[in-house]
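Enquirer: Structure file target_10.pdb (PDB, C-alpha atoms, pLDDT in the B column) right here:
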MODEL        1
ATOM      1  CA  MET A   1     -18.001 -16.224   2.419  1.00 38.00           C
ATOM      2  CA  SER A   2     -19.980 -16.500   5.604  1.00 38.00           C
ATOM      3  CA  ARG A   3     -19.069 -14.503   8.691  1.00 38.00           C
ATOM      4  CA  THR A   4     -18.153 -17.776  10.401  1.00 37.00           C
ATOM      5  CA  PHE A   5     -15.387 -19.296   8.316  1.00 36.00           C
ATOM      6  CA  ASP A   6     -15.497 -23.005   7.549  1.00 43.00           C
ATOM      7  CA  LYS A   7     -13.256 -24.760  10.065  1.00 38.00           C
ATOM      8  CA  ALA A   8     -11.406 -26.785   7.462  1.00 39.00           C
ATOM      9  CA  ALA A   9     -10.701 -23.721   5.325  1.00 41.00           C
ATOM     10  CA  ALA A  10      -9.540 -21.777   8.369  1.00 42.00           C
ATOM     11  CA  ALA A  11      -7.156 -24.601   9.295  1.00 43.00           C
ATOM     12  CA  VAL A  12      -5.605 -24.599   5.829  1.00 40.00           C
ATOM     13  CA  MET A  13      -5.208 -20.797   5.839  1.00 42.00           C
ATOM     14  CA  THR A  14      -3.659 -20.804   9.309  1.00 41.00           C
ATOM     15  CA  CYS A  15      -1.305 -23.578   8.246  1.00 45.00           C
ATOM     16  CA  ALA A  16      -0.128 -21.571   5.234  1.00 42.00           C
ATOM     17  CA  LEU A  17       0.156 -18.299   7.158  1.00 40.00           C
ATOM     18  CA  PHE A  18       2.507 -19.685   9.795  1.00 41.00           C
ATOM     19  CA  GLY A  19       4.520 -21.900   7.470  1.00 44.00           C
ATOM     20  CA  LEU A  20       3.348 -25.243   8.870  1.00 43.00           C
ATOM     21  CA  CYS A  21       2.535 -26.683   5.474  1.00 46.00           C
ATOM     22  CA  THR A  22       3.963 -26.476   1.960  1.00 45.00           C
ATOM     23  CA  PRO A  23       1.793 -25.012  -0.816  1.00 48.00           C
ATOM     24  CA  VAL A  24       1.393 -26.922  -4.064  1.00 44.00           C
ATOM     25  CA  LEU A  25       3.046 -24.894  -6.790  1.00 47.00           C
ATOM     26  CA  ALA A  26       3.167 -25.235 -10.579  1.00 45.00           C
ATOM     27  CA  GLU A  27       6.437 -27.225 -10.539  1.00 49.00           C
ATOM     28  CA  ASP A  28       5.312 -29.540 -13.325  1.00 53.00           C
ATOM     29  CA  VAL A  29       4.623 -26.683 -15.742  1.00 55.00           C
ATOM     30  CA  PRO A  30       7.867 -25.652 -17.529  1.00 66.00           C
ATOM     31  CA  GLU A  31       9.071 -22.168 -16.640  1.00 92.00           C
ATOM     32  CA  VAL A  32       5.856 -21.263 -14.807  1.00 96.00           C
ATOM     33  CA  THR A  33       6.275 -20.269 -11.169  1.00 97.00           C
ATOM     34  CA  ALA A  34       3.685 -19.688  -8.490  1.00 98.00           C
ATOM     35  CA  SER A  35       3.582 -17.434  -5.462  1.00 98.00           C
ATOM     36  CA  GLY A  36       0.981 -16.800  -2.821  1.00 98.00           C
ATOM     37  CA  ASN A  37       0.032 -14.614   0.097  1.00 98.00           C
ATOM     38  CA  LEU A  38      -2.195 -14.839   3.139  1.00 98.00           C
ATOM     39  CA  GLY A  39      -2.986 -12.147   5.687  1.00 98.00           C
ATOM     40  CA  LEU A  40      -5.058 -11.215   8.708  1.00 98.00           C
ATOM     41  CA  TYR A  41      -6.194  -7.571   8.805  1.00 98.00           C
ATOM     42  CA  SER A  42      -8.081  -5.578  11.424  1.00 98.00           C
ATOM     43  CA  GLN A  43     -10.210  -4.336   8.509  1.00 98.00           C
ATOM     44  CA  TYR A  44     -10.166  -4.485   4.696  1.00 98.00           C
ATOM     45  CA  VAL A  45      -9.665  -1.086   3.070  1.00 98.00           C
ATOM     46  CA  PHE A  46      -9.934  -0.754  -0.723  1.00 98.00           C
ATOM     47  CA  ARG A  47      -9.407   2.599  -2.410  1.00 98.00           C
ATOM     48  CA  GLY A  48      -9.828   4.299   0.932  1.00 98.00           C
ATOM     49  CA  MET A  49     -13.174   2.654   1.743  1.00 98.00           C
ATOM     50  CA  THR A  50     -13.646   0.028   4.439  1.00 98.00           C
ATOM     51  CA  GLN A  51     -15.058  -3.125   2.881  1.00 98.00           C
ATOM     52  CA  THR A  52     -15.750  -4.826   6.227  1.00 98.00           C
ATOM     53  CA  ALA A  53     -17.360  -2.056   8.317  1.00 97.00           C
ATOM     54  CA  HIS A  54     -14.089  -1.702  10.275  1.00 97.00           C
ATOM     55  CA  LYS A  55     -14.168  -5.417  11.177  1.00 98.00           C
ATOM     56  CA  PRO A  56     -11.378  -8.005  10.598  1.00 98.00           C
ATOM     57  CA  ALA A  57     -10.639  -9.575   7.231  1.00 98.00           C
ATOM     58  CA  LEU A  58      -8.930 -12.782   6.179  1.00 98.00           C
ATOM     59  CA  GLN A  59      -7.346 -12.493   2.738  1.00 98.00           C
ATOM     60  CA  GLY A  60      -5.254 -14.632   0.446  1.00 98.00           C
ATOM     61  CA  GLY A  61      -4.302 -15.256  -3.137  1.00 98.00           C
ATOM     62  CA  VAL A  62      -2.128 -17.157  -5.581  1.00 98.00           C
ATOM     63  CA  GLU A  63      -0.407 -15.931  -8.744  1.00 98.00           C
ATOM     64  CA  PHE A  64       1.243 -17.782 -11.629  1.00 98.00           C
ATOM     65  CA  SER A  65       3.889 -16.071 -13.737  1.00 98.00           C
ATOM     66  CA  HIS A  66       6.115 -16.787 -16.747  1.00 97.00           C
ATOM     67  CA  PRO A  67       9.589 -15.364 -17.509  1.00 96.00           C
ATOM     68  CA  SER A  68       8.028 -13.526 -20.479  1.00 96.00           C
ATOM     69  CA  GLY A  69       6.216 -11.310 -17.969  1.00 98.00           C
ATOM     70  CA  VAL A  70       2.778 -12.855 -18.475  1.00 98.00           C
ATOM     71  CA  TYR A  71       0.915 -13.539 -15.214  1.00 98.00           C
ATOM     72  CA  ALA A  72      -2.510 -14.576 -13.897  1.00 98.00           C
ATOM     73  CA  GLY A  73      -3.913 -14.784 -10.403  1.00 98.00           C
ATOM     74  CA  LEU A  74      -6.775 -15.274  -7.998  1.00 98.00           C
ATOM     75  CA  TRP A  75      -7.348 -13.316  -4.766  1.00 98.00           C
ATOM     76  CA  GLY A  76     -10.125 -13.277  -2.185  1.00 98.00           C
ATOM     77  CA  SER A  77     -11.371 -11.605   0.990  1.00 98.00           C
ATOM     78  CA  ASN A  78     -14.460 -11.432   3.146  1.00 98.00           C
ATOM     79  CA  VAL A  79     -16.480  -8.213   2.758  1.00 98.00           C
ATOM     80  CA  ASP A  80     -19.425  -6.574   4.499  1.00 98.00           C
ATOM     81  CA  TRP A  81     -20.709  -3.867   2.176  1.00 98.00           C
ATOM     82  CA  LEU A  82     -22.649  -6.057  -0.246  1.00 98.00           C
ATOM     83  CA  GLN A  83     -25.485  -6.442   2.241  1.00 98.00           C
ATOM     84  CA  ASN A  84     -25.039  -3.344   4.403  1.00 97.00           C
ATOM     85  CA  TYR A  85     -24.454  -0.822   1.613  1.00 98.00           C
ATOM     86  CA  GLN A  86     -25.310  -2.299  -1.778  1.00 98.00           C
ATOM     87  CA  GLY A  87     -28.513  -3.998  -0.652  1.00 97.00           C
ATOM     88  CA  TYR A  88     -27.712  -7.637  -1.449  1.00 98.00           C
ATOM     89  CA  ARG A  89     -29.787 -10.259   0.358  1.00 98.00           C
ATOM     90  CA  THR A  90     -26.729 -12.501   0.728  1.00 98.00           C
ATOM     91  CA  GLY A  91     -23.062 -12.044  -0.108  1.00 98.00           C
ATOM     92  CA  SER A  92     -19.904 -11.578   1.926  1.00 98.00           C
ATOM     93  CA  LEU A  93     -17.103 -12.550  -0.474  1.00 98.00           C
ATOM     94  CA  GLU A  94     -14.889 -10.735  -2.939  1.00 98.00           C
ATOM     95  CA  LEU A  95     -13.070 -13.002  -5.382  1.00 98.00           C
ATOM     96  CA  ASP A  96     -10.830 -11.310  -7.946  1.00 98.00           C
ATOM     97  CA  THR A  97      -9.461 -12.901 -11.102  1.00 98.00           C
ATOM     98  CA  TYR A  98      -6.800 -11.074 -13.063  1.00 98.00           C
ATOM     99  CA  GLY A  99      -4.058 -11.383 -15.642  1.00 98.00           C
ATOM    100  CA  GLY A 100      -1.559  -9.246 -17.484  1.00 98.00           C
ATOM    101  CA  TRP A 101       1.967  -8.569 -18.615  1.00 98.00           C
ATOM    102  CA  ARG A 102       4.680  -6.853 -16.587  1.00 98.00           C
ATOM    103  CA  GLY A 103       8.410  -6.315 -16.842  1.00 97.00           C
ATOM    104  CA  ASN A 104      11.402  -4.021 -16.542  1.00 96.00           C
ATOM    105  CA  ILE A 105      12.811  -1.757 -19.247  1.00 94.00           C
ATOM    106  CA  GLY A 106      16.095  -0.786 -17.611  1.00 91.00           C
ATOM    107  CA  ASN A 107      17.362   2.072 -15.468  1.00 94.00           C
ATOM    108  CA  GLY A 108      14.861   1.169 -12.744  1.00 94.00           C
ATOM    109  CA  PHE A 109      11.760   1.588 -14.927  1.00 98.00           C
ATOM    110  CA  SER A 110       8.950  -0.988 -14.998  1.00 98.00           C
ATOM    111  CA  TYR A 111       5.513  -1.463 -16.581  1.00 98.00           C
ATOM    112  CA  ASP A 112       2.341  -3.442 -15.836  1.00 98.00           C
ATOM    113  CA  LEU A 113      -0.631  -3.908 -18.177  1.00 98.00           C
ATOM    114  CA  GLY A 114      -3.627  -6.079 -17.416  1.00 98.00           C
ATOM    115  CA  VAL A 115      -7.285  -6.785 -16.802  1.00 98.00           C
ATOM    116  CA  ILE A 116      -9.115  -7.641 -13.576  1.00 98.00           C
ATOM    117  CA  ARG A 117     -12.609  -8.802 -12.703  1.00 98.00           C
ATOM    118  CA  TYR A 118     -13.925  -8.138  -9.213  1.00 98.00           C
ATOM    119  CA  ASN A 119     -16.464 -10.894  -8.491  1.00 98.00           C
ATOM    120  CA  TYR A 120     -19.046 -10.553  -5.700  1.00 98.00           C
ATOM    121  CA  PRO A 121     -21.233 -13.666  -5.525  1.00 98.00           C
ATOM    122  CA  GLY A 122     -24.549 -13.309  -3.740  1.00 98.00           C
ATOM    123  CA  LYS A 123     -28.281 -12.813  -4.146  1.00 98.00           C
ATOM    124  CA  ARG A 124     -29.760  -9.361  -4.735  1.00 97.00           C
ATOM    125  CA  PRO A 125     -33.281  -7.974  -5.114  1.00 97.00           C
ATOM    126  CA  THR A 126     -34.581  -6.862  -8.478  1.00 96.00           C
ATOM    127  CA  GLY A 127     -33.307  -3.380  -9.238  1.00 95.00           C
ATOM    128  CA  VAL A 128     -30.086  -3.654  -7.221  1.00 97.00           C
ATOM    129  CA  VAL A 129     -27.118  -3.260  -9.566  1.00 97.00           C
ATOM    130  CA  ALA A 130     -24.584  -6.089  -9.482  1.00 98.00           C
ATOM    131  CA  ALA A 131     -21.322  -5.145  -7.771  1.00 98.00           C
ATOM    132  CA  ASP A 132     -19.229  -7.211 -10.212  1.00 98.00           C
ATOM    133  CA  THR A 133     -16.769  -4.939 -12.013  1.00 98.00           C
ATOM    134  CA  ASN A 134     -14.402  -5.333 -14.970  1.00 98.00           C
ATOM    135  CA  GLU A 135     -11.381  -3.047 -15.300  1.00 98.00           C
ATOM    136  CA  ILE A 136      -8.332  -2.763 -17.496  1.00 98.00           C
ATOM    137  CA  TYR A 137      -5.243  -1.112 -16.068  1.00 98.00           C
ATOM    138  CA  ALA A 138      -1.890   0.330 -17.028  1.00 98.00           C
ATOM    139  CA  GLY A 139       0.851   1.068 -14.545  1.00 98.00           C
ATOM    140  CA  GLY A 140       4.453   2.131 -14.475  1.00 98.00           C
ATOM    141  CA  GLY A 141       7.189   2.537 -11.932  1.00 98.00           C
ATOM    142  CA  TRP A 142      10.632   3.939 -11.339  1.00 97.00           C
ATOM    143  CA  ARG A 143      12.620   2.543  -8.443  1.00 94.00           C
ATOM    144  CA  TRP A 144      10.297   3.022  -5.437  1.00 95.00           C
ATOM    145  CA  LEU A 145       7.702   5.205  -7.230  1.00 98.00           C
ATOM    146  CA  THR A 146       4.587   3.826  -8.959  1.00 98.00           C
ATOM    147  CA  ALA A 147       1.566   5.155 -10.849  1.00 98.00           C
ATOM    148  CA  LYS A 148      -1.459   3.287 -12.168  1.00 98.00           C
ATOM    149  CA  LEU A 149      -4.683   4.028 -14.046  1.00 98.00           C
ATOM    150  CA  SER A 150      -7.646   1.632 -13.846  1.00 98.00           C
ATOM    151  CA  TYR A 151     -10.483   2.008 -16.375  1.00 98.00           C
ATOM    152  CA  SER A 152     -13.903   0.426 -15.817  1.00 98.00           C
ATOM    153  CA  LEU A 153     -15.608  -1.275 -18.763  1.00 98.00           C
ATOM    154  CA  GLY A 154     -19.158  -0.684 -17.485  1.00 97.00           C
ATOM    155  CA  ASP A 155     -21.084  -0.820 -14.211  1.00 97.00           C
ATOM    156  CA  THR A 156     -18.646  -0.057 -11.393  1.00 98.00           C
ATOM    157  CA  PHE A 157     -18.905  -1.556  -7.894  1.00 98.00           C
ATOM    158  CA  GLY A 158     -22.681  -1.408  -7.852  1.00 98.00           C
ATOM    159  CA  PHE A 159     -23.094   1.917  -9.663  1.00 97.00           C
ATOM    160  CA  ALA A 160     -24.923   1.719 -12.994  1.00 96.00           C
ATOM    161  CA  ALA A 161     -22.644   3.633 -15.335  1.00 90.00           C
ATOM    162  CA  PRO A 162     -21.277   3.504 -18.866  1.00 93.00           C
ATOM    163  CA  ALA A 163     -17.665   2.550 -19.453  1.00 97.00           C
ATOM    164  CA  GLY A 164     -15.157   5.143 -18.354  1.00 97.00           C
ATOM    165  CA  SER A 165     -15.161   5.332 -14.571  1.00 98.00           C
ATOM    166  CA  THR A 166     -11.516   5.557 -13.501  1.00 98.00           C
ATOM    167  CA  TYR A 167      -9.223   5.208 -10.537  1.00 98.00           C
ATOM    168  CA  PHE A 168      -5.790   6.829 -10.696  1.00 98.00           C
ATOM    169  CA  ASP A 169      -3.221   6.402  -7.966  1.00 98.00           C
ATOM    170  CA  ILE A 170       0.395   7.176  -7.259  1.00 98.00           C
ATOM    171  CA  GLY A 171       2.499   5.729  -4.489  1.00 98.00           C
ATOM    172  CA  ALA A 172       5.927   5.182  -3.032  1.00 98.00           C
ATOM    173  CA  SER A 173       7.431   2.338  -1.008  1.00 96.00           C
ATOM    174  CA  ILE A 174      10.657   3.371   0.677  1.00 96.00           C
ATOM    175  CA  PRO A 175      13.000   0.997   2.570  1.00 95.00           C
ATOM    176  CA  LEU A 176      14.304   2.634   5.738  1.00 96.00           C
ATOM    177  CA  ALA A 177      18.009   1.844   5.526  1.00 92.00           C
ATOM    178  CA  ASP A 178      18.864  -1.668   6.778  1.00 92.00           C
ATOM    179  CA  THR A 179      16.224  -1.793   9.514  1.00 95.00           C
ATOM    180  CA  GLY A 180      13.730  -4.159   7.885  1.00 94.00           C
ATOM    181  CA  LEU A 181      11.200  -1.332   7.978  1.00 97.00           C
ATOM    182  CA  SER A 182       9.512   0.115   4.895  1.00 98.00           C
ATOM    183  CA  ALA A 183       7.352   3.220   4.653  1.00 98.00           C
ATOM    184  CA  ALA A 184       4.624   3.598   2.043  1.00 98.00           C
ATOM    185  CA  LEU A 185       2.711   6.652   0.801  1.00 98.00           C
ATOM    186  CA  HIS A 186      -0.351   6.601  -1.455  1.00 98.00           C
ATOM    187  CA  TRP A 187      -2.825   9.004  -3.048  1.00 98.00           C
ATOM    188  CA  GLY A 188      -5.694   8.062  -5.334  1.00 98.00           C
ATOM    189  CA  ARG A 189      -8.721   9.544  -7.104  1.00 98.00           C
ATOM    190  CA  GLN A 190     -11.894   7.592  -7.871  1.00 98.00           C
ATOM    191  CA  ARG A 191     -14.158   9.056 -10.539  1.00 98.00           C
ATOM    192  CA  PHE A 192     -17.538   7.672 -11.609  1.00 98.00           C
ATOM    193  CA  ARG A 193     -19.486   8.323 -14.787  1.00 96.00           C
ATOM    194  CA  GLY A 194     -23.212   8.705 -15.270  1.00 92.00           C
ATOM    195  CA  ASN A 195     -25.514   9.389 -12.336  1.00 92.00           C
ATOM    196  CA  ALA A 196     -22.800   8.312  -9.892  1.00 96.00           C
ATOM    197  CA  ARG A 197     -20.561  11.334 -10.523  1.00 96.00           C
ATOM    198  CA  ASP A 198     -21.232  12.816  -7.074  1.00 97.00           C
ATOM    199  CA  PHE A 199     -19.810   9.692  -5.427  1.00 98.00           C
ATOM    200  CA  GLY A 200     -16.267  10.459  -6.648  1.00 98.00           C
ATOM    201  CA  TYR A 201     -13.578  11.132  -4.053  1.00 98.00           C
ATOM    202  CA  GLU A 202      -9.862  11.169  -3.268  1.00 98.00           C
ATOM    203  CA  ASP A 203      -8.117   8.878  -0.797  1.00 98.00           C
ATOM    204  CA  TRP A 204      -4.711   8.643   0.856  1.00 98.00           C
ATOM    205  CA  LYS A 205      -2.654   6.209   2.908  1.00 98.00           C
ATOM    206  CA  LEU A 206       0.399   6.225   5.171  1.00 98.00           C
ATOM    207  CA  ALA A 207       1.860   2.836   6.081  1.00 98.00           C
ATOM    208  CA  LEU A 208       4.780   1.245   7.902  1.00 98.00           C
ATOM    209  CA  SER A 209       5.727  -2.444   7.665  1.00 98.00           C
ATOM    210  CA  TYR A 210       8.408  -4.692   9.143  1.00 98.00           C
ATOM    211  CA  ASP A 211       9.989  -7.809   7.653  1.00 96.00           C
ATOM    212  CA  LEU A 212       9.724 -10.474  10.356  1.00 97.00           C
ATOM    213  CA  GLY A 213      12.032 -12.717   8.323  1.00 93.00           C
ATOM    214  CA  ARG A 214      14.951 -10.799   9.786  1.00 91.00           C
ATOM    215  CA  SER A 215      14.150 -12.451  13.125  1.00 88.00           C
ATOM    216  CA  GLY A 216      14.957 -15.967  11.923  1.00 88.00           C
ATOM    217  CA  ALA A 217      14.047 -18.742   9.492  1.00 88.00           C
ATOM    218  CA  LEU A 218      10.789 -19.489  11.341  1.00 89.00           C
ATOM    219  CA  TRP A 219       9.458 -16.085  10.283  1.00 94.00           C
ATOM    220  CA  LYS A 220      10.608 -16.235   6.663  1.00 94.00           C
ATOM    221  CA  GLY A 221       8.155 -14.517   4.322  1.00 95.00           C
ATOM    222  CA  MET A 222       6.190 -12.941   7.156  1.00 97.00           C
ATOM    223  CA  SER A 223       5.613  -9.259   7.803  1.00 98.00           C
ATOM    224  CA  VAL A 224       3.562  -7.035  10.077  1.00 98.00           C
ATOM    225  CA  GLY A 225       2.355  -3.529   9.489  1.00 98.00           C
ATOM    226  CA  VAL A 226       0.126  -0.624  10.306  1.00 98.00           C
ATOM    227  CA  GLN A 227      -1.528   1.872   7.978  1.00 98.00           C
ATOM    228  CA  TYR A 228      -3.675   4.953   8.337  1.00 98.00           C
ATOM    229  CA  THR A 229      -6.142   5.730   5.557  1.00 98.00           C
ATOM    230  CA  GLY A 230      -8.660   8.446   4.828  1.00 98.00           C
ATOM    231  CA  THR A 231     -10.793  10.062   2.114  1.00 98.00           C
ATOM    232  CA  ASN A 232     -12.625  13.281   1.324  1.00 98.00           C
ATOM    233  CA  ALA A 233     -15.754  11.321   0.332  1.00 98.00           C
ATOM    234  CA  ASP A 234     -19.199  12.766   1.065  1.00 98.00           C
ATOM    235  CA  HIS A 235     -20.174  11.053   4.322  1.00 96.00           C
ATOM    236  CA  ALA A 236     -23.883  11.235   3.464  1.00 97.00           C
ATOM    237  CA  LEU A 237     -23.275   9.245   0.276  1.00 98.00           C
ATOM    238  CA  TRP A 238     -20.803   6.767   1.740  1.00 98.00           C
ATOM    239  CA  THR A 239     -22.539   5.696   4.961  1.00 98.00           C
ATOM    240  CA  ASP A 240     -24.053   2.208   5.140  1.00 98.00           C
ATOM    241  CA  ARG A 241     -27.417   1.235   6.608  1.00 96.00           C
ATOM    242  CA  ASN A 242     -25.812   0.693  10.028  1.00 97.00           C
ATOM    243  CA  GLY A 243     -24.402   4.221  10.146  1.00 97.00           C
ATOM    244  CA  ILE A 244     -20.814   3.190   9.313  1.00 97.00           C
ATOM    245  CA  GLU A 245     -18.941   5.910   7.419  1.00 98.00           C
ATOM    246  CA  MET A 246     -17.023   3.836   4.886  1.00 98.00           C
ATOM    247  CA  GLY A 247     -14.461   6.515   4.055  1.00 98.00           C
ATOM    248  CA  ARG A 248     -13.715   7.503   7.641  1.00 97.00           C
ATOM    249  CA  SER A 249     -10.041   7.943   8.593  1.00 97.00           C
ATOM    250  CA  ARG A 250      -8.892   4.942  10.546  1.00 97.00           C
ATOM    251  CA  ALA A 251      -5.839   2.787  11.319  1.00 98.00           C
ATOM    252  CA  THR A 252      -5.447  -0.827  10.197  1.00 98.00           C
ATOM    253  CA  VAL A 253      -2.987  -3.385  11.541  1.00 98.00           C
ATOM    254  CA  TRP A 254      -2.056  -6.634   9.840  1.00 98.00           C
ATOM    255  CA  ILE A 255       0.164  -9.707   9.722  1.00 98.00           C
ATOM    256  CA  ALA A 256       0.825 -11.484   6.451  1.00 98.00           C
ATOM    257  CA  ARG A 257       2.892 -14.219   4.882  1.00 97.00           C
ATOM    258  CA  SER A 258       4.094 -14.642   1.315  1.00 96.00           C
ATOM    259  CA  PHE A 259       5.227 -17.980  -0.054  1.00 94.00           C
TER     260      PHE A 259
ENDMDL
END
Output the file's structure as structure tokens, nothing else.
Expert:
Amino acid sequence: MSRTFDKAAAAVMTCALFGLCTPVLAEDVPEVTASGNLGLYSQYVFRGMTQTAHKPALQGGVEFSHPSGVYAGLWGSNVDWLQNYQGYRTGSLELDTYGGWRGNIGNGFSYDLGVIRYNYPGKRPTGVVAADTNEIYAGGGWRWLTAKLSYSLGDTFGFAAPAGSTYFDIGASIPLADTGLSAALHWGRQRFRGNARDFGYEDWKLALSYDLGRSGALWKGMSVGVQYTGTNADHALWTDRNGIEMGRSRATVWIARSF
């Protein structure tokens, strides 16, 4: 995705974000339902690391699900690090494809098993490792608590490594009474195998969001929020060619719509 978004694409995304158009869903496929999301963020943070050098991100996705618990989806965002950190000649898009099986097992317990491919199209010089990454994951939850383990099947986000790099995270999303506000807490640990071991780190997040739908039908499905993230990553290892510390503690604000 180029830094200057195509005007037609931007119009469609804006239309969906503010509810001025109706998305095409899988109504003709028996029992399959579709949902989507679109958001504007002051930066894109993934596993504690800024993906856009602290610059804004436009993100959106669509997911199809079946009552059996089977689901599949597509999600995308602009990114900056492919060129400024990984060394790509061109490339400013992340496009994720994923699928899995989730459900509830009673007494507030849930599970989620799946596979995801992080796709980063672009051109890179010889010797630069592709950022594309394949992971399988297993997660579980109880009421407002969640835990998830992601396991890489090979090279991981541009690091040449055998299978076995992992990311483990735990979190909580807590509604604050009947205010429309929700607080979220998160902690995660990224570990790399092979020569990338020293790049491992821990990250954390504190977030607060508000359901704008409580303000009227016009705002249905919309929310706003703020989060503060940080890591204990080695700054010397996680600084891009422009001097941006990718794991630096920083606040992010956003507005999003689900449909």
Enquirer: Evaluate the PyMOL selection byres ((chain A and resi 87) around 12) on the structure here and hand back the selected residues as an mmCIF file with C-alpha atoms, in the frame of the given file.
Expert:
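Printed below is selection.cif as written:
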data_model
loop_
_atom_site.group_PDB
_atom_site.id
_atom_site.type_symbol
_atom_site.label_atom_id
_atom_site.label_comp_id
_atom_site.auth_asym_id
_atom_site.auth_seq_id
_atom_site.Cartn_x
_atom_site.Cartn_y
_atom_site.Cartn_z
ATOM 1 C CA ASP A 80 -19.425 -6.574 4.499
ATOM 2 C CA TRP A 81 -20.709 -3.867 2.176
ATOM 3 C CA LEU A 82 -22.649 -6.057 -0.246
ATOM 4 C CA GLN A 83 -25.485 -6.442 2.241
ATOM 5 C CA ASN A 84 -25.039 -3.344 4.403
ATOM 6 C CA TYR A 85 -24.454 -0.822 1.613
ATOM 7 C CA GLN A 86 -25.310 -2.299 -1.778
ATOM 8 C CA TYR A 88 -27.712 -7.637 -1.449
ATOM 9 C CA ARG A 89 -29.787 -10.259 0.358
ATOM 10 C CA THR A 90 -26.729 -12.501 0.728
ATOM 11 C CA GLY A 91 -23.062 -12.044 -0.108
ATOM 12 C CA SER A 92 -19.904 -11.578 1.926
ATOM 13 C CA GLY A 122 -24.549 -13.309 -3.740
ATOM 14 C CA LYS A 123 -28.281 -12.813 -4.146
ATOM 15 C CA ARG A 124 -29.760 -9.361 -4.735
ATOM 16 C CA PRO A 125 -33.281 -7.974 -5.114
ATOM 17 C CA THR A 126 -34.581 -6.862 -8.478
ATOM 18 C CA GLY A 127 -33.307 -3.380 -9.238
ATOM 19 C CA VAL A 128 -30.086 -3.654 -7.221
ATOM 20 C CA VAL A 129 -27.118 -3.260 -9.566
ATOM 21 C CA ALA A 130 -24.584 -6.089 -9.482
ATOM 22 C CA ALA A 131 -21.322 -5.145 -7.771
ATOM 23 C CA GLY A 158 -22.681 -1.408 -7.852
ATOM 24 C CA ASP A 240 -24.053 2.208 5.140
ATOM 25 C CA ARG A 241 -27.417 1.235 6.608
ATOM 26 C CA ASN A 242 -25.812 0.693 10.028
#
Enquirer: So what does the PyMOL selection byres ((chain A and resi 207-223) around 9) actually pick up in this one, as a list in words?
Expert: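 For this structure, the PyMOL selection byres ((chain A and resi 207-223) around 9) resolves to Leu17, Phe18, Gly19, Thr179, Gly180, Leu181, Ser182, Ala183, Ala184, Leu185, His186, Lys205, Leu206, Val224, Gly225, Val226, Gln227, Tyr228, Thr229, Trp254, Ile255, Ala256, Arg257, Ser258 and Phe259 of chain A.
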Enquirer: Kindly export the residues of the current selection with C-alpha atoms, as an mmCIF file, in the frame of the given file.
Expert:
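Output file out-v2.cif is given in full below:
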data_model
loop_
_atom_site.group_PDB
_atom_site.id
_atom_site.type_symbol
_atom_site.label_atom_id
_atom_site.label_comp_id
_atom_site.auth_asym_id
_atom_site.auth_seq_id
_atom_site.Cartn_x
_atom_site.Cartn_y
_atom_site.Cartn_z
ATOM 1 C CA LEU A 17 0.156 -18.299 7.158
ATOM 2 C CA PHE A 18 2.507 -19.685 9.795
ATOM 3 C CA GLY A 19 4.520 -21.900 7.470
ATOM 4 C CA THR A 179 16.224 -1.793 9.514
ATOM 5 C CA GLY A 180 13.730 -4.159 7.885
ATOM 6 C CA LEU A 181 11.200 -1.332 7.978
ATOM 7 C CA SER A 182 9.512 0.115 4.895
ATOM 8 C CA ALA A 183 7.352 3.220 4.653
ATOM 9 C CA ALA A 184 4.624 3.598 2.043
ATOM 10 C CA LEU A 185 2.711 6.652 0.801
ATOM 11 C CA HIS A 186 -0.351 6.601 -1.455
ATOM 12 C CA LYS A 205 -2.654 6.209 2.908
ATOM 13 C CA LEU A 206 0.399 6.225 5.171
ATOM 14 C CA VAL A 224 3.562 -7.035 10.077
ATOM 15 C CA GLY A 225 2.355 -3.529 9.489
ATOM 16 C CA VAL A 226 0.126 -0.624 10.306
ATOM 17 C CA GLN A 227 -1.528 1.872 7.978
ATOM 18 C CA TYR A 228 -3.675 4.953 8.337
ATOM 19 C CA THR A 229 -6.142 5.730 5.557
ATOM 20 C CA TRP A 254 -2.056 -6.634 9.840
ATOM 21 C CA ILE A 255 0.164 -9.707 9.722
ATOM 22 C CA ALA A 256 0.825 -11.484 6.451
ATOM 23 C CA ARG A 257 2.892 -14.219 4.882
ATOM 24 C CA SER A 258 4.094 -14.642 1.315
ATOM 25 C CA PHE A 259 5.227 -17.980 -0.054
#
Enquirer: To one decimal in Å, tell me the separation between CA of Trp101 (chain A) and CA of Ala172 (chain A).
Expert: 21.2 Å
Enquirer: What is the distance, in Å and to one decimal place, between CA of Gly247 (chain A) and CA of Gly139 (chain A)?
Expert: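 Rounded to one decimal, the two atoms are 24.7 Å apart.
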Enquirer: For CA of Gly69 (chain A) and CA of Gly108 (chain A), determine how far apart the two atoms are, in Å to one decimal place.
Expert: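 These atoms are spaced 16.1 Å apart.
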